[in-house]
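Peer 1: input-v3.cif is reproduced in full below (mmCIF, C-alpha atoms and all ligand atoms).
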data_data
loop_
_atom_site.group_PDB
_atom_site.id
_atom_site.type_symbol
_atom_site.label_atom_id
_atom_site.label_comp_id
_atom_site.auth_asym_id
_atom_site.auth_seq_id
_atom_site.Cartn_x
_atom_site.Cartn_y
_atom_site.Cartn_z
ATOM 1 C CA MET Z 1 44.588 37.001 30.617
ATOM 2 C CA SER Z 2 48.207 36.267 31.379
ATOM 3 C CA GLY Z 3 49.130 32.986 33.041
ATOM 4 C CA LYS Z 4 51.284 34.803 35.593
ATOM 5 C CA ASN Z 5 48.340 36.900 36.810
ATOM 6 C CA ASP Z 6 46.175 33.794 37.099
ATOM 7 C CA ARG Z 7 48.868 32.122 39.125
ATOM 8 C CA ASP Z 8 49.171 35.196 41.353
ATOM 9 C CA ILE Z 9 45.487 35.391 42.104
ATOM 10 C CA ASN Z 10 45.272 31.650 42.654
ATOM 11 C CA ALA Z 11 48.084 31.840 45.170
ATOM 12 C CA LEU Z 12 46.403 34.738 46.944
ATOM 13 C CA ARG Z 13 43.097 32.861 47.030
ATOM 14 C CA GLU Z 14 44.796 29.823 48.455
ATOM 15 C CA LYS Z 15 46.279 32.023 51.123
ATOM 16 C CA LEU Z 16 42.812 33.409 51.898
ATOM 17 C CA SER Z 17 41.361 29.899 52.062
ATOM 18 C CA ASP Z 18 44.010 28.949 54.612
ATOM 19 C CA ILE Z 19 43.213 32.041 56.645
ATOM 20 C CA ASP Z 20 39.453 31.316 56.428
ATOM 21 C CA LEU Z 21 40.040 27.792 57.672
ATOM 22 C CA LYS Z 22 41.883 29.151 60.675
ATOM 23 C CA LEU Z 23 39.159 31.762 61.161
ATOM 24 C CA ALA Z 24 36.469 29.064 61.082
ATOM 25 C CA GLU Z 25 38.364 27.048 63.680
ATOM 26 C CA LEU Z 26 38.866 30.111 65.856
ATOM 27 C CA LEU Z 27 35.223 31.167 65.500
ATOM 28 C CA THR Z 28 34.134 27.680 66.532
ATOM 29 C CA GLN Z 29 36.403 27.833 69.570
ATOM 30 C CA ARG Z 30 35.063 31.296 70.344
ATOM 31 C CA LEU Z 31 31.433 30.154 70.118
ATOM 32 C CA GLU Z 32 32.153 27.131 72.311
ATOM 33 C CA THR Z 33 33.641 29.482 74.899
ATOM 34 C CA VAL Z 34 30.622 31.754 74.504
ATOM 35 C CA GLU Z 35 28.371 28.751 75.300
ATOM 36 C CA SER Z 36 30.269 28.147 78.542
ATOM 37 C CA ILE Z 37 30.047 31.821 79.472
ATOM 38 C CA GLY Z 38 26.300 31.662 78.711
ATOM 39 C CA GLU Z 39 25.942 28.773 81.170
ATOM 40 C CA TYR Z 40 27.848 30.760 83.812
ATOM 41 C CA LYS Z 41 25.591 33.763 83.212
ATOM 42 C CA ARG Z 42 22.403 31.676 83.563
ATOM 43 C CA VAL Z 43 23.582 30.001 86.746
ATOM 44 C CA ASN Z 44 24.811 33.263 88.264
ATOM 45 C CA SER Z 45 21.892 35.432 87.161
ATOM 46 C CA LEU Z 46 23.879 37.684 84.856
ATOM 47 C CA PRO Z 47 22.315 39.219 81.748
ATOM 48 C CA VAL Z 48 23.359 38.189 78.230
ATOM 49 C CA THR Z 49 24.192 41.768 77.246
ATOM 50 C CA ASP Z 50 27.082 43.453 79.038
ATOM 51 C CA PRO Z 51 27.806 46.754 77.226
ATOM 52 C CA ALA Z 52 31.026 47.497 79.164
ATOM 53 C CA ARG Z 53 32.471 44.091 78.273
ATOM 54 C CA GLU Z 54 31.430 44.469 74.622
ATOM 55 C CA ALA Z 55 33.287 47.797 74.415
ATOM 56 C CA GLU Z 56 36.364 46.178 75.982
ATOM 57 C CA VAL Z 57 36.324 43.241 73.523
ATOM 58 C CA ILE Z 58 35.998 45.549 70.511
ATOM 59 C CA GLY Z 59 38.642 47.941 71.865
ATOM 60 C CA ASN Z 60 41.089 45.068 72.386
ATOM 61 C CA ALA Z 61 40.665 43.735 68.870
ATOM 62 C CA VAL Z 62 40.873 47.150 67.241
ATOM 63 C CA SER Z 63 44.017 48.103 69.138
ATOM 64 C CA HIS Z 64 45.825 45.193 67.465
ATOM 65 C CA CYS Z 65 45.091 46.399 63.912
ATOM 66 C CA PRO Z 66 46.716 48.931 61.649
ATOM 67 C CA GLU Z 67 44.860 52.224 61.610
ATOM 68 C CA ARG Z 68 43.436 51.726 58.083
ATOM 69 C CA PHE Z 69 41.554 48.539 59.045
ATOM 70 C CA ARG Z 70 40.264 49.627 62.435
ATOM 71 C CA ALA Z 71 36.769 50.540 61.281
ATOM 72 C CA ASN Z 72 36.500 47.222 59.362
ATOM 73 C CA VAL Z 73 37.642 45.156 62.317
ATOM 74 C CA GLU Z 74 35.280 47.064 64.586
ATOM 75 C CA ASN Z 75 32.353 46.120 62.319
ATOM 76 C CA VAL Z 76 33.426 42.480 62.166
ATOM 77 C CA MET Z 77 33.763 42.325 65.962
ATOM 78 C CA LYS Z 78 30.289 43.821 66.383
ATOM 79 C CA SER Z 79 28.930 41.091 64.189
ATOM 80 C CA VAL Z 80 30.940 38.406 66.067
ATOM 81 C CA ILE Z 81 29.505 39.692 69.356
ATOM 82 C CA GLY Z 82 26.008 39.712 67.821
ATOM 83 C CA GLU Z 83 26.362 36.004 66.958
ATOM 84 C CA ALA Z 84 27.694 35.250 70.430
ATOM 85 C CA LYS Z 85 24.615 36.846 71.967
ATOM 86 C CA ARG Z 86 22.386 34.912 69.577
ATOM 87 C CA VAL Z 87 23.968 31.669 70.833
ATOM 88 C CA GLN Z 88 23.517 32.694 74.484
ATOM 89 C CA ARG Z 89 19.919 33.856 73.962
ATOM 90 C CA GLY Z 90 19.129 30.551 72.253
ATOM 91 C CA ARG Z 91 19.970 28.777 75.524
ATOM 92 C CA LEU Z 92 17.738 30.926 77.707
ATOM 93 C CA ASN Z 93 14.765 29.113 79.188
ATOM 94 C CA ILE Z 94 11.180 30.289 78.994
ATOM 95 C CA TYR Z 95 9.633 30.052 82.454
ATOM 96 C CA LEU Z 96 5.886 29.951 82.815
ATOM 97 C CA ILE Z 97 4.912 31.182 86.255
ATOM 98 C CA GLY Z 98 1.557 31.774 87.915
ATOM 99 C CA MET Z 99 -1.074 30.356 90.209
ATOM 100 C CA PRO Z 100 -2.103 26.691 90.208
ATOM 101 C CA ASP Z 101 -4.478 26.080 87.293
ATOM 102 C CA SER Z 102 -3.329 29.166 85.414
ATOM 103 C CA GLY Z 103 -2.476 27.021 82.380
ATOM 104 C CA LYS Z 104 1.307 26.745 82.780
ATOM 105 C CA THR Z 105 1.426 23.160 81.497
ATOM 106 C CA ARG Z 106 -1.247 23.680 78.827
ATOM 107 C CA ILE Z 107 0.358 26.853 77.411
ATOM 108 C CA GLY Z 108 3.818 25.351 77.961
ATOM 109 C CA LYS Z 109 3.022 22.378 75.704
ATOM 110 C CA ARG Z 110 1.773 24.610 72.908
ATOM 111 C CA LEU Z 111 4.671 27.044 73.239
ATOM 112 C CA ALA Z 112 7.253 24.250 73.252
ATOM 113 C CA LYS Z 113 5.745 22.852 70.063
ATOM 114 C CA ARG Z 114 5.588 26.263 68.416
ATOM 115 C CA LEU Z 115 9.220 27.104 69.240
ATOM 116 C CA SER Z 116 10.523 23.522 68.844
ATOM 117 C CA MET Z 117 11.932 23.562 72.362
ATOM 118 C CA PRO Z 118 11.719 20.722 74.899
ATOM 119 C CA LEU Z 119 9.235 21.184 77.750
ATOM 120 C CA ILE Z 120 9.873 20.409 81.384
ATOM 121 C CA ASP Z 121 7.112 20.395 83.973
ATOM 122 C CA THR Z 122 8.879 20.803 87.330
ATOM 123 C CA ASP Z 123 6.145 19.168 89.463
ATOM 124 C CA LYS Z 124 5.997 16.177 87.157
ATOM 125 C CA TYR Z 125 9.785 15.863 87.148
ATOM 126 C CA ILE Z 126 9.967 15.963 90.952
ATOM 127 C CA MET Z 127 7.201 13.327 91.217
ATOM 128 C CA GLN Z 128 9.084 11.060 88.807
ATOM 129 C CA ARG Z 129 12.406 11.499 90.601
ATOM 130 C CA VAL Z 130 11.022 10.952 94.082
ATOM 131 C CA GLY Z 131 8.478 8.348 93.040
ATOM 132 C CA LEU Z 132 5.732 10.049 95.047
ATOM 133 C CA SER Z 133 2.841 12.369 94.185
ATOM 134 C CA ILE Z 134 3.086 16.046 95.252
ATOM 135 C CA ASP Z 135 0.369 15.320 97.840
ATOM 136 C CA ALA Z 136 2.466 12.459 99.249
ATOM 137 C CA ILE Z 137 5.685 14.515 99.230
ATOM 138 C CA PHE Z 138 3.980 17.257 101.264
ATOM 139 C CA ALA Z 139 2.377 14.727 103.621
ATOM 140 C CA GLU Z 140 5.409 12.463 104.127
ATOM 141 C CA LEU Z 141 8.431 14.738 103.665
ATOM 142 C CA GLY Z 142 6.942 18.177 104.294
ATOM 143 C CA GLU Z 143 6.746 21.390 102.279
ATOM 144 C CA GLU Z 144 10.304 22.440 103.111
ATOM 145 C CA ALA Z 145 11.705 19.281 101.527
ATOM 146 C CA PHE Z 146 9.547 19.901 98.449
ATOM 147 C CA ARG Z 147 10.815 23.493 98.178
ATOM 148 C CA SER Z 148 14.441 22.309 98.394
ATOM 149 C CA MET Z 149 13.852 19.816 95.594
ATOM 150 C CA GLU Z 150 12.166 22.531 93.539
ATOM 151 C CA THR Z 151 15.175 24.864 93.980
ATOM 152 C CA MET Z 152 17.655 22.108 93.159
ATOM 153 C CA LEU Z 153 15.776 21.239 90.007
ATOM 154 C CA LEU Z 154 15.545 24.889 89.017
ATOM 155 C CA ALA Z 155 19.335 25.232 89.329
ATOM 156 C CA GLU Z 156 19.782 22.212 87.020
ATOM 157 C CA VAL Z 157 17.303 23.595 84.536
ATOM 158 C CA ALA Z 158 18.985 27.032 84.565
ATOM 159 C CA LYS Z 159 22.351 25.393 83.877
ATOM 160 C CA ALA Z 160 21.053 23.239 81.022
ATOM 161 C CA GLY Z 161 19.016 26.036 79.378
ATOM 162 C CA GLY Z 162 17.018 25.989 76.142
ATOM 163 C CA ARG Z 163 13.748 24.681 77.604
ATOM 164 C CA VAL Z 164 10.191 25.768 78.147
ATOM 165 C CA VAL Z 165 9.634 25.301 81.879
ATOM 166 C CA ALA Z 166 6.196 24.943 83.461
ATOM 167 C CA THR Z 167 6.966 25.831 87.092
ATOM 168 C CA GLY Z 168 4.952 25.108 90.229
ATOM 169 C CA GLY Z 169 2.733 27.914 91.503
ATOM 170 C CA GLY Z 170 5.016 28.604 94.472
ATOM 171 C CA THR Z 171 8.359 28.426 92.633
ATOM 172 C CA PRO Z 172 9.120 32.188 92.444
ATOM 173 C CA LEU Z 173 8.265 32.678 96.124
ATOM 174 C CA PHE Z 174 10.856 30.446 97.776
ATOM 175 C CA ASN Z 175 14.620 30.483 98.376
ATOM 176 C CA ASP Z 176 16.533 32.458 95.742
ATOM 177 C CA ASN Z 177 14.364 31.132 92.939
ATOM 178 C CA ASP Z 178 13.204 34.564 91.789
ATOM 179 C CA ARG Z 179 16.806 35.632 91.126
ATOM 180 C CA LEU Z 180 17.561 32.387 89.288
ATOM 181 C CA LEU Z 181 14.443 32.726 87.135
ATOM 182 C CA LYS Z 182 15.207 36.324 86.302
ATOM 183 C CA ASN Z 183 18.368 36.026 84.235
ATOM 184 C CA SER Z 184 18.382 32.390 83.196
ATOM 185 C CA GLY Z 185 15.415 32.913 80.949
ATOM 186 C CA VAL Z 186 12.379 34.858 79.906
ATOM 187 C CA THR Z 187 9.691 34.778 82.586
ATOM 188 C CA VAL Z 188 6.065 34.653 81.480
ATOM 189 C CA PHE Z 189 3.396 35.289 84.105
ATOM 190 C CA LEU Z 190 0.091 33.653 83.205
ATOM 191 C CA ASN Z 191 -2.225 36.017 85.046
ATOM 192 C CA ARG Z 192 -5.499 34.109 84.924
ATOM 193 C CA ARG Z 193 -8.447 35.983 86.446
ATOM 194 C CA LEU Z 194 -9.108 35.064 90.071
ATOM 195 C CA SER Z 195 -12.731 34.125 89.251
ATOM 196 C CA ALA Z 196 -11.422 31.593 86.706
ATOM 197 C CA LEU Z 197 -8.953 30.133 89.216
ATOM 198 C CA LEU Z 198 -11.601 29.304 91.802
ATOM 199 C CA GLY Z 199 -13.145 25.837 91.854
ATOM 200 C CA GLN Z 200 -10.069 23.996 90.547
ATOM 201 C CA SER Z 201 -9.086 20.442 91.483
ATOM 202 C CA VAL Z 202 -6.940 20.179 94.624
ATOM 203 C CA LYS Z 203 -5.267 16.951 93.526
ATOM 204 C CA ASN Z 204 -1.502 17.445 93.932
ATOM 205 C CA ARG Z 205 -2.190 20.958 95.227
ATOM 206 C CA PRO Z 206 -1.971 20.381 98.965
ATOM 207 C CA LEU Z 207 -1.842 24.089 99.743
ATOM 208 C CA LEU Z 208 -5.353 24.502 98.372
ATOM 209 C CA ALA Z 209 -7.024 21.708 100.340
ATOM 210 C CA GLY Z 210 -9.707 22.720 102.862
ATOM 211 C CA ASP Z 211 -11.542 25.967 102.161
ATOM 212 C CA THR Z 212 -10.218 26.003 98.607
ATOM 213 C CA GLU Z 213 -11.745 29.281 97.397
ATOM 214 C CA LYS Z 214 -10.507 31.169 100.445
ATOM 215 C CA ARG Z 215 -7.031 29.670 100.074
ATOM 216 C CA ILE Z 216 -6.797 30.433 96.371
ATOM 217 C CA THR Z 217 -7.876 34.037 96.991
ATOM 218 C CA ALA Z 218 -5.366 34.507 99.810
ATOM 219 C CA LEU Z 219 -2.518 32.924 97.818
ATOM 220 C CA TYR Z 220 -3.370 34.965 94.735
ATOM 221 C CA ASN Z 221 -3.293 38.245 96.672
ATOM 222 C CA GLU Z 222 -0.138 37.291 98.487
ATOM 223 C CA ARG Z 223 1.730 36.151 95.369
ATOM 224 C CA LEU Z 224 0.579 38.635 92.762
ATOM 225 C CA PRO Z 225 3.240 41.313 93.544
ATOM 226 C CA LYS Z 226 6.065 38.755 93.248
ATOM 227 C CA TYR Z 227 4.717 37.277 90.004
ATOM 228 C CA LEU Z 228 4.385 40.763 88.523
ATOM 229 C CA SER Z 229 7.786 41.927 89.725
ATOM 230 C CA ILE Z 230 9.737 39.179 87.946
ATOM 231 C CA ALA Z 231 7.621 38.846 84.802
ATOM 232 C CA ASP Z 232 9.109 39.846 81.472
ATOM 233 C CA ILE Z 233 5.757 39.137 79.845
ATOM 234 C CA THR Z 234 2.336 39.080 81.542
ATOM 235 C CA LEU Z 235 -0.615 37.538 79.775
ATOM 236 C CA ASP Z 236 -4.153 36.260 80.458
ATOM 237 C CA PRO Z 237 -4.034 32.639 79.265
ATOM 238 C CA ASP Z 238 -7.797 32.706 78.578
ATOM 239 C CA ALA Z 239 -7.546 35.664 76.188
ATOM 240 C CA PRO Z 240 -8.316 34.775 72.585
ATOM 241 C CA ASP Z 241 -5.103 34.268 70.662
ATOM 242 C CA ALA Z 242 -3.053 33.981 73.891
ATOM 243 C CA ILE Z 243 -0.426 31.717 72.350
ATOM 244 C CA ASN Z 244 0.083 33.980 69.313
ATOM 245 C CA ARG Z 245 0.387 37.032 71.523
ATOM 246 C CA LEU Z 246 2.873 35.247 73.711
ATOM 247 C CA THR Z 247 5.118 34.141 70.852
ATOM 248 C CA GLU Z 248 4.960 37.628 69.326
ATOM 249 C CA GLN Z 249 5.985 39.302 72.578
ATOM 250 C CA TYR Z 250 8.706 36.724 73.170
ATOM 251 C CA GLU Z 251 10.185 37.213 69.715
ATOM 252 C CA LYS Z 252 10.198 40.987 70.163
ATOM 253 C CA LEU Z 253 11.825 40.746 73.572
ATOM 254 C CA LEU Z 254 14.560 38.213 72.802
ATOM 255 C CA PRO Z 255 16.869 40.437 70.708
ATOM 256 C CA LEU Z 256 16.818 43.048 73.485
ATOM 257 C CA LEU Z 257 18.256 40.703 76.117
HETATM 258 C C1 LIG I 1 2.115 24.782 94.543
HETATM 259 C C2 LIG I 1 1.623 24.515 93.287
HETATM 260 C C3 LIG I 1 1.694 23.214 92.665
HETATM 261 C C4 LIG I 1 2.793 22.356 93.306
HETATM 262 C C5 LIG I 1 2.685 22.361 94.787
HETATM 263 C C6 LIG I 1 2.783 23.761 95.376
HETATM 264 C C7 LIG I 1 2.009 26.147 95.065
HETATM 265 O O1 LIG I 1 1.954 23.372 91.281
HETATM 266 O O2 LIG I 1 4.064 22.821 92.941
HETATM 267 O O3 LIG I 1 1.454 21.805 95.139
HETATM 268 O O4 LIG I 1 2.721 26.507 96.015
HETATM 269 O O5 LIG I 1 1.205 26.923 94.507
HETATM 270 P P1 LIG I 1 0.824 23.924 90.213
HETATM 271 O O6 LIG I 1 0.912 25.411 90.241
HETATM 272 O O7 LIG I 1 1.279 23.379 88.909
HETATM 273 O O8 LIG I 1 -0.480 23.376 90.640
#
Can the structure from this file be put into structure tokens for me?
Peer 2:
Amino acid sequence: MSGKNDRDINALREKLSDIDLKLAELLTQRLETVESIGEYKRVNSLPVTDPAREAEVIGNAVSHCPERFRANVENVMKSVIGEAKRVQRGRLNIYLIGMPDSGKTRIGKRLAKRLSMPLIDTDKYIMQRVGLSIDAIFAELGEEAFRSMETMLLAEVAKAGGRVVATGGGTPLFNDNDRLLKNSGVTVFLNRRLSALLGQSVKNRPLLAGDTEKRITALYNERLPKYLSIADITLDPDAPDAINRLTEQYEKLLPLL
């Protein structure tokens, strides 16, 4: 081994280390920008994957390289885009939707634990913020006020991202909530059998008070098409192994978003 060669390779390696440092800084800046774009996409109901934009980004990068490195740079850019999408997918929420007493909070708690994600229960959050029970909000402020609070909270939750969200039974039915749910996260419809939904407590469920069974049946029939139309995953929460099935389906779906 000649000393000159050692010096040459050491100099070249130093040069590479300097370049890598710059690359690491640039990649960090890129991922931070990707996070902000992810927030914009969640708030504005845009999907994580945008094939036309991906082709543009790769084309741009490749056009700045000498011919002999184009294929290499194309591969690197594909991998950079893959990591960007991983970051954006990691901030998607998981929304549990479905009728009152369909197990949104119960399944939500288990899912949050399983995936190490924080859980937010929208009804509970609204009660804490307003300092009134759902029954009292409906009685004193009216349903419309409740629905506005629900939509405002949903917008905050979509912006923040990265949570398991147990929604209220009516959430997907009001305002533009269905659109907001659709691309700011994965939507899981807990389709509990109607017979299992009957006979539930009406505490904090003012819409069910009175002839409860008749109201539950009417609401179920009225809401079912909407729940089904926005669900990425539909599941009977009483099925054996429901939580395992849910996590399996979620993990299969995520890389496709
Ligand atoms: C409602 C369901 C309730 C609560 C409010 C309205 C509905 O939540 O948001 O009483 O429209 O079905 P749960 O589904 O958690 O009971």
Peer 1: If you apply the PyMOL selection byres (((chain Z and resi 185) around 8) and not hetatm) to this file, what residues do you get, as a ChimeraX atom specification?
Peer 2: /Z:42,92-95,158,161,181-184,186-187
Peer 1: Counting all atoms listed in the file, which of Z:Thr28, Z:Asn10, Z:Asn191, Z:Thr49 gets nearest to Z:Lys104?
Peer 2: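 Closest candidate: Z:Asn191.
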Peer 1: Name every residue that the PyMOL selection byres (((chain Z and resi 13-27) around 12) and not hetatm) selects in this structure, writing the answer as number ranges by chain with chains first and numbers rising.
Peer 2: Z: 6-12, 28-34, 76-77, 79-81, 83-84
Peer 1: What's the separation between atom CA of Z:Met99 and atom CA of Z:Lys252, in Å to one decimal place?
Peer 2: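 About the pair atom CA of Z:Met99 and atom CA of Z:Lys252: they are 25.3 Å apart.
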Peer 1: Atom CA of Z:Glu56 to atom CA of Z:Val73: how many Å, to one decimal?
Peer 2: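 For atom CA of Z:Glu56 relative to atom CA of Z:Val73, the distance reads 13.8 Å.
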Peer 1: Give me the result of the PyMOL selection byres (((chain Z and resi 197) around 9) and not hetatm) on this file, residue by residue, as a ChimeraX atom specification.
Peer 2: /Z:99-102,192-196,198-200,213,216-217
Peer 1: Collect all residues with atoms no farther than 9 Å from ligand LIG 1 (chain I), counting all atoms listed in the file, and output them as a PyMOL selection string.
Peer 2: chain Z and resi 97-105+121-124+134-135+138+143+146-147+150+166-171+173+202-208+216+219
Peer 1: Using all atoms listed in the file, can you tell me which of Z:Pro51, Z:Gly90, Z:Gly59, Z:Gly210 comes closest to Z:Glu74?
Peer 2: Z:Gly59
Peer 1: Counting all atoms listed in the file, which residue out of Z:Ala145, Z:Arg106, Z:Pro66, Z:Leu96 sits closest to Z:Ala231?
Peer 2: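 Using all atoms listed in the file, the shortest distance to Z:Ala231 belongs to Z:Leu96.
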Peer 1: If we count all atoms listed in the file and set the cut-off at 10 Å, which residues sit around Z:Ala112, ignoring sequence neighbours fewer than 4 positions away in its own chain? Please answer as an mmCIF file with C-alpha atoms, in the frame of the given file.
Peer 2:
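Saved to out_32.cif:
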data_model
loop_
_atom_site.group_PDB
_atom_site.id
_atom_site.type_symbol
_atom_site.label_atom_id
_atom_site.label_comp_id
_atom_site.auth_asym_id
_atom_site.auth_seq_id
_atom_site.Cartn_x
_atom_site.Cartn_y
_atom_site.Cartn_z
ATOM 1 C CA ILE Z 94 11.180 30.289 78.994
ATOM 2 C CA ILE Z 107 0.358 26.853 77.411
ATOM 3 C CA GLY Z 108 3.818 25.351 77.961
ATOM 4 C CA SER Z 116 10.523 23.522 68.844
ATOM 5 C CA MET Z 117 11.932 23.562 72.362
ATOM 6 C CA PRO Z 118 11.719 20.722 74.899
ATOM 7 C CA LEU Z 119 9.235 21.184 77.750
ATOM 8 C CA ILE Z 120 9.873 20.409 81.384
ATOM 9 C CA ARG Z 163 13.748 24.681 77.604
ATOM 10 C CA VAL Z 164 10.191 25.768 78.147
ATOM 11 C CA VAL Z 165 9.634 25.301 81.879
#
Peer 1: Identify which of the residues Z:Ile233, Z:Arg70, Z:Ala52, Z:Ser148 lies closest to Z:Glu248, counting only C-alpha atoms when measuring atom-to-atom distances.
Peer 2: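 So, comparing all the options, the nearest one is Z:Ile233.
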